[in-house]
$ cat upload-v6.cif   # mmCIF, C-alpha atoms
data_query
loop_
_atom_site.label_atom_id
_atom_site.label_comp_id
_atom_site.auth_asym_id
_atom_site.auth_seq_id
_atom_site.Cartn_x
_atom_site.Cartn_y
_atom_site.Cartn_z
CA MET A 1 -10.12 -3.52 -1.64
CA SER A 2 -6.65 -3.91 -3.17
CA ASP A 3 -3.92 -1.73 -4.59
CA SER A 4 -5.40 -2.19 -8.09
CA ALA A 5 -8.88 -0.90 -7.34
CA PHE A 6 -10.60 1.35 -4.85
CA ASP A 7 -14.24 0.58 -4.12
CA PHE A 8 -15.99 3.83 -3.15
CA LYS A 9 -19.14 2.04 -2.02
CA LYS A 10 -17.11 -0.11 0.33
CA PHE A 11 -15.26 3.01 1.47
CA ILE A 12 -18.58 4.64 2.44
CA ASP A 13 -19.78 1.47 4.17
CA GLU A 14 -16.51 1.19 6.10
CA THR A 15 -16.71 4.84 7.12
CA LYS A 16 -20.21 4.34 8.52
CA ALA A 17 -19.13 1.16 10.31
CA THR A 18 -16.08 2.88 11.81
CA ILE A 19 -18.21 5.63 13.35
CA LEU A 20 -21.38 3.69 14.23
CA ALA A 21 -20.13 0.15 14.93
CA PRO A 22 -16.41 0.41 15.75
CA ALA A 23 -16.14 -2.89 17.67
CA GLU A 24 -17.52 -4.89 14.75
CA TYR A 25 -15.59 -2.92 12.14
CA PHE A 26 -12.18 -3.17 13.81
CA THR A 27 -12.72 -6.88 14.52
CA ALA A 28 -13.21 -7.56 10.81
CA MET A 29 -10.86 -4.87 9.43
CA PRO A 30 -8.28 -6.27 6.96
CA LYS A 31 -4.77 -5.85 8.33
CA GLU A 32 -2.94 -6.14 5.02
CA GLY A 33 -3.44 -5.52 1.30
CA GLY A 34 -1.01 -2.74 0.49
CA MET A 35 -0.60 0.93 1.40
CA ALA A 36 -2.65 2.34 -1.49
CA GLU A 37 -6.01 1.79 0.21
CA PRO A 38 -5.25 3.58 3.50
CA LEU A 39 -3.45 6.34 1.61
CA ILE A 40 -6.49 7.01 -0.61
CA LYS A 41 -8.79 6.93 2.41
CA ALA A 42 -6.63 9.44 4.27
CA ILE A 43 -6.56 11.79 1.27
CA ILE A 44 -10.34 11.57 0.79
CA TYR A 45 -11.03 12.29 4.46
CA SER A 46 -8.57 15.20 4.43
CA VAL A 47 -10.01 16.74 1.26
CA ILE A 48 -13.60 16.41 2.53
CA ALA A 49 -12.66 18.03 5.84
CA SER A 50 -10.82 20.81 4.01
CA LEU A 51 -13.77 21.46 1.68
CA ILE A 52 -16.11 21.72 4.66
CA ASN A 53 -13.72 24.11 6.43
CA PHE A 54 -13.48 26.05 3.18
CA LEU A 55 -17.27 26.31 3.12
CA TRP A 56 -17.45 27.63 6.69
CA LEU A 57 -14.58 30.02 5.99
CA GLY A 58 -16.28 31.32 2.87
CA VAL A 59 -19.55 31.84 4.73
CA ILE A 60 -17.82 33.64 7.60
CA PHE A 61 -15.73 35.88 5.35
CA THR A 62 -18.69 36.67 3.12
CA SER A 63 -20.85 37.52 6.13
CA PHE A 64 -18.32 39.91 7.61
CA ALA A 65 -16.53 41.27 4.58
CA GLY A 66 -18.92 40.97 1.61
CA THR A 67 -17.85 39.83 -1.85
CA MET A 68 -14.16 40.63 -1.39
CA GLY A 69 -14.16 38.69 1.86
CA GLY A 70 -15.66 35.69 0.09
CA PHE A 71 -13.01 35.93 -2.63
CA PHE A 72 -10.25 36.11 -0.01
CA GLY A 73 -11.75 33.19 1.88
CA GLY A 74 -11.85 31.19 -1.34
CA SER A 75 -8.18 31.88 -2.03
CA VAL A 76 -7.24 30.74 1.44
CA GLY A 77 -9.52 27.70 1.09
CA ILE A 78 -7.85 26.51 -2.15
CA LEU A 79 -4.44 26.69 -0.53
CA GLY A 80 -5.90 24.95 2.51
CA ILE A 81 -7.11 22.04 0.37
CA VAL A 82 -3.63 21.50 -1.07
CA MET A 83 -2.04 21.74 2.37
CA SER A 84 -4.66 19.38 3.82
CA ILE A 85 -3.71 16.68 1.31
CA ILE A 86 -0.07 16.98 2.29
CA GLY A 87 -1.00 17.13 5.96
CA GLY A 88 -3.29 14.11 5.60
CA ILE A 89 -0.51 12.01 4.07
CA LEU A 90 1.93 13.03 6.80
CA ALA A 91 -0.69 12.39 9.50
CA LEU A 92 -1.34 8.92 8.08
CA PHE A 93 2.25 7.71 8.23
CA ILE A 94 3.23 9.54 11.42
CA GLY A 95 -0.02 8.37 13.02
CA GLY A 96 0.85 4.84 11.93
CA VAL A 97 4.08 5.04 13.93
CA ILE A 98 2.23 6.36 16.99
CA VAL A 99 -0.42 3.62 16.78
CA LEU A 100 2.36 1.05 16.33
CA VAL A 101 4.05 2.23 19.53
CA LEU A 102 0.75 2.20 21.44
CA SER A 103 0.00 -1.29 20.13
CA ALA A 104 3.42 -2.49 21.30
CA ILE A 105 2.81 -0.97 24.75
CA CYS A 106 -0.51 -2.84 24.93
CA GLY A 107 1.10 -6.12 23.86
CA GLY A 108 -0.43 -6.07 20.39
CA THR A 109 0.99 -6.47 16.90
CA THR A 110 3.94 -4.41 15.72
CA ASN A 111 2.96 -4.65 12.05
CA TYR A 112 3.31 -1.16 10.57
CA GLU A 113 0.82 -1.68 7.73
CA ALA A 114 -1.89 -2.75 10.20
CA SER A 115 -1.19 0.39 12.24
CA VAL A 116 -1.41 2.59 9.14
CA ARG A 117 -4.75 1.00 8.24
CA VAL A 118 -6.07 1.72 11.73
CA THR A 119 -4.86 5.32 11.45
CA ALA A 120 -6.62 5.77 8.10
CA SER A 121 -9.87 4.51 9.62
CA LEU A 122 -9.55 6.82 12.63
CA MET A 123 -9.26 9.76 10.22
CA ALA A 124 -12.96 9.24 9.42
CA LEU A 125 -13.60 11.62 12.34
CA SER A 126 -11.91 14.57 10.60
CA PRO A 127 -14.90 15.41 8.31
CA ILE A 128 -17.23 15.17 11.32
CA SER A 129 -15.00 17.55 13.24
CA ALA A 130 -15.08 19.92 10.26
CA ILE A 131 -18.87 19.73 9.97
CA LEU A 132 -19.25 20.69 13.62
CA GLY A 133 -16.63 23.42 13.29
CA PHE A 134 -19.36 26.04 12.98
CA THR A 135 -20.03 25.66 16.71
CA SER A 136 -16.88 27.66 17.41
CA TYR A 137 -18.43 30.63 15.60
CA VAL A 138 -21.75 30.24 17.40
CA ASN A 139 -20.10 30.16 20.82
CA ILE A 140 -16.43 29.63 21.64
CA TRP A 141 -17.26 27.47 24.67
CA LEU A 142 -19.68 25.31 22.70
CA GLY A 143 -17.01 24.84 20.05
CA LEU A 144 -14.46 23.78 22.66
CA ILE A 145 -16.86 21.29 24.27
CA VAL A 146 -17.71 19.78 20.87
CA SER A 147 -14.02 19.51 20.01
CA VAL A 148 -13.24 17.75 23.28
CA ALA A 149 -16.20 15.37 22.79
CA ILE A 150 -14.92 14.42 19.32
CA SER A 151 -11.43 13.86 20.72
CA LEU A 152 -12.78 11.59 23.46
CA TYR A 153 -14.77 9.58 20.91
CA GLY A 154 -11.63 9.31 18.79
CA ILE A 155 -9.82 7.80 21.79
CA PHE A 156 -12.71 5.34 22.20
CA LEU A 157 -12.26 4.32 18.55
CA LEU A 158 -8.53 3.94 19.15
CA TYR A 159 -9.24 1.66 22.13
CA GLN A 160 -11.47 -0.51 19.92
CA ALA A 161 -8.75 -0.65 17.27
CA LEU A 162 -6.01 -1.55 19.77
CA THR A 163 -8.00 -4.43 21.22
CA LYS A 164 -9.96 -5.68 18.21
CA SER A 165 -7.64 -5.09 15.22
CA LEU A 166 -4.15 -5.05 16.73
CA GLY A 167 -4.61 -7.68 19.44
CA GLY A 168 -3.65 -5.47 22.37
CA LYS A 169 -4.46 -6.50 25.92
CA ASP A 170 -7.73 -5.01 27.13
CA GLY A 171 -6.39 -3.84 30.50
CA ALA A 172 -3.35 -2.13 29.00
CA ALA A 173 -5.47 -0.52 26.27
CA LYS A 174 -7.84 0.90 28.89
CA ILE A 175 -4.93 2.42 30.80
CA VAL A 176 -3.47 3.95 27.63
CA SER A 177 -6.87 5.28 26.59
CA GLY A 178 -7.47 6.72 30.04
CA ILE A 179 -4.16 8.56 29.95
CA LEU A 180 -4.94 9.92 26.48
CA CYS A 181 -8.36 11.11 27.70
CA LEU A 182 -6.62 13.36 30.20
CA ILE A 183 -5.14 15.48 27.39
CA PRO A 184 -8.40 17.06 26.08
CA LEU A 185 -9.80 17.27 29.62
CA LEU A 186 -6.70 19.08 30.89
CA MET A 187 -6.89 21.34 27.85
CA ILE A 188 -10.41 22.54 28.67
CA ILE A 189 -9.52 22.97 32.36
CA SER A 190 -6.40 25.00 31.53
CA THR A 191 -8.40 27.09 29.04
CA LEU A 192 -11.00 27.85 31.69
CA MET A 193 -8.32 28.84 34.19
CA CYS A 194 -6.57 31.07 31.65
CA TYR A 195 -9.87 32.67 30.70
CA GLN A 196 -10.75 33.42 34.31
CA GLY A 197 -7.29 34.88 34.91
CA ALA A 198 -7.45 36.99 31.76
CA LYS A 199 -10.96 38.17 32.60
CA LYS A 200 -9.91 39.21 36.11
CA PHE A 201 -6.87 41.02 34.74
CA SER A 202 -8.90 42.77 32.03
CA ASN A 203 -11.50 43.89 34.59
CA GLU A 204 -8.76 45.50 36.62
CA MET A 205 -7.30 47.15 33.51
CA MET A 206 -10.68 48.45 32.32
CA LYS A 207 -11.54 50.24 35.53
CA GLY A 208 -12.03 53.90 34.74
CA MET A 209 -12.34 53.31 30.99
CA SER A 210 -15.18 54.80 29.00
CA THR A 211 -18.00 52.51 27.86
CA LYS A 212 -16.74 52.59 24.27
CA ASP A 213 -13.15 51.72 25.21
CA ARG A 214 -14.36 48.97 27.53
CA LYS A 215 -16.38 47.33 24.76
CA GLN A 216 -13.41 47.48 22.41
CA ALA A 217 -11.17 45.91 25.04
CA GLU A 218 -13.69 43.15 25.72
CA LYS A 219 -14.00 42.42 22.01
CA MET A 220 -10.21 42.23 21.69
CA MET A 221 -9.99 39.82 24.62
CA ASN A 222 -12.73 37.58 23.20
CA ASP A 223 -11.02 37.54 19.80
CA MET A 224 -7.73 36.53 21.41
CA LEU A 225 -9.45 33.79 23.40
CA LYS A 226 -11.16 32.49 20.27
CA LYS A 227 -7.85 32.30 18.42
CA ALA A 228 -6.25 30.50 21.37
CA MET A 229 -9.06 27.94 21.38
CA GLU A 230 -8.77 27.39 17.64
CA GLU A 231 -5.04 26.75 18.03
CA ALA A 232 -5.74 24.33 20.87
CA LYS A 233 -8.23 22.47 18.66
CA LYS A 234 -5.61 22.20 15.89
CA GLN A 235 -3.14 20.72 18.36
CA GLN A 236 -5.72 18.10 19.34
CA LYS A 237 -6.10 16.99 15.74
#

$ encode --input "upload-v6.cif" --output "structure tokens"
Amino acid sequence: MSDSAFDFKKFIDETKATILAPAEYFTAMPKEGGMAEPLIKAIIYSVIASLINFLWLGVIFTSFAGTMGGFFGGSVGILGIVMSIIGGILALFIGGVIVLVLSAICGGTTNYEASVRVTASLMALSPISAILGFTSYVNIWLGLIVSVAISLYGIFLLYQALTKSLGGKDGAAKIVSGILCLIPLLMIISTLMCYQGAKKFSNEMMKGMSTKDRKQAEKMMNDMLKKAMEEAKKQQK
């Protein structure tokens, strides 16, 4: 692909290769050719992820609030699509800087365009994360586990990119990847600890409450926990 043309078939093939055969893909990934290609890829991935989130949001709002809820969800979704494009562009170029720094730490190339291209490829996980977003509504713990699993696989893809595309040393890349893996793992551990603490505190507070008030308090606590987990997932992305 070049700045003058964008091959959608090749884009789909590259997306599949990134997810299913990362070692082979990042070994053969072009490291130059202009910024248009990675920019278009980042926008496409961001829009697809936003549309999927919009779909889940519309389903959830419609289920709980009827037609007006679906209309409200749609309004939020349209704004979300616009914001996702802007966010995707920012993530691409900021992510390029981060990948560049990590590559330098691992003794790899310090070419910014190559780092941006790696970042655009890594963004192929964002639609997958959006597709599996429904798990958070099925069960908050299932959603958290799925989110952490996607994050860990993203770090694995980054390791492949650092060693295969950017020429980083394998040992250094493993250390960097291992450190990055601690972030989602610490997140789930801290969430579990906070949940247990909040549950113990709420049990103490609910002593002597009526059954109705206790159920309302439990629902409020679960809603707060769900929102906290959703925010944690956003920070991971």

$ atom_distance --input "upload-v6.cif" --atom1 "atom CA of A:Asp13" --atom2 "atom CA of A:Ala130"
20.0 Å

$ atom_distance --input "upload-v6.cif" --atom1 "atom CA of A:Leu152" --atom2 "atom CA of A:Gly95"
16.8 Å

$ closest_residue --input "upload-v6.cif" --among "A:Thr18, A:Ser136, A:Asn53, A:Ser126" --to "A:Leu158" --atoms "only C-alpha atoms"
A:Thr18

$ resolve_selection --input "upload-v6.cif" --expression "the PyMOL selection byres ((chain A and resi 39) around 9)" --output "list in words"
Met35, Ala36, Glu37, Pro38, Ile40, Lys41, Ala42, Ile43, Ile44, Gly88, Ile89, Leu92, Phe93, Val116, Arg117 and Ala120 of chain A

$ atom_distance --input "upload-v6.cif" --atom1 "atom CA of A:Ile175" --atom2 "atom CA of A:Lys31"
23.9 Å

$ resolve_selection --input "upload-v6.cif" --expression "the PyMOL selection byres ((chain A and resi 164) around 9)" --output "MDAnalysis selection string"
chainID A and resid 23:29 159:163 165:168

$ write_last_selection --input "upload-v6.cif" --atoms "C-alpha atoms" --output "PDB file, in the frame of the given file"
ATOM      1  CA  ALA A  23     -16.140  -2.890  17.670  1.00  0.00           C
ATOM      2  CA  GLU A  24     -17.520  -4.890  14.750  1.00  0.00           C
ATOM      3  CA  TYR A  25     -15.590  -2.920  12.140  1.00  0.00           C
ATOM      4  CA  PHE A  26     -12.180  -3.170  13.810  1.00  0.00           C
ATOM      5  CA  THR A  27     -12.720  -6.880  14.520  1.00  0.00           C
ATOM      6  CA  ALA A  28     -13.210  -7.560  10.810  1.00  0.00           C
ATOM      7  CA  MET A  29     -10.860  -4.870   9.430  1.00  0.00           C
ATOM      8  CA  TYR A 159      -9.240   1.660  22.130  1.00  0.00           C
ATOM      9  CA  GLN A 160     -11.470  -0.510  19.920  1.00  0.00           C
ATOM     10  CA  ALA A 161      -8.750  -0.650  17.270  1.00  0.00           C
ATOM     11  CA  LEU A 162      -6.010  -1.550  19.770  1.00  0.00           C
ATOM     12  CA  THR A 163      -8.000  -4.430  21.220  1.00  0.00           C
ATOM     13  CA  SER A 165      -7.640  -5.090  15.220  1.00  0.00           C
ATOM     14  CA  LEU A 166      -4.150  -5.050  16.730  1.00  0.00           C
ATOM     15  CA  GLY A 167      -4.610  -7.680  19.440  1.00  0.00           C
ATOM     16  CA  GLY A 168      -3.650  -5.470  22.370  1.00  0.00           C
TER      17      GLY A 168
END

$ resolve_selection --input "upload-v6.cif" --expression "the PyMOL selection byres ((chain A and resi 180) around 12)" --output "list in words"
Leu102, Val148, Ser151, Leu152, Tyr153, Gly154, Ile155, Phe156, Leu158, Tyr159, Ala173, Lys174, Ile175, Val176, Ser177, Gly178, Ile179, Cys181, Leu182, Ile183, Pro184, Leu185, Leu186, Met187 and Gln236 of chain A

$ closest_residue --input "upload-v6.cif" --among "A:Met83, A:Leu157, A:Ala49, A:Ala172" --to "A:Ala104" --atoms "all atoms listed in the file"
A:Ala172
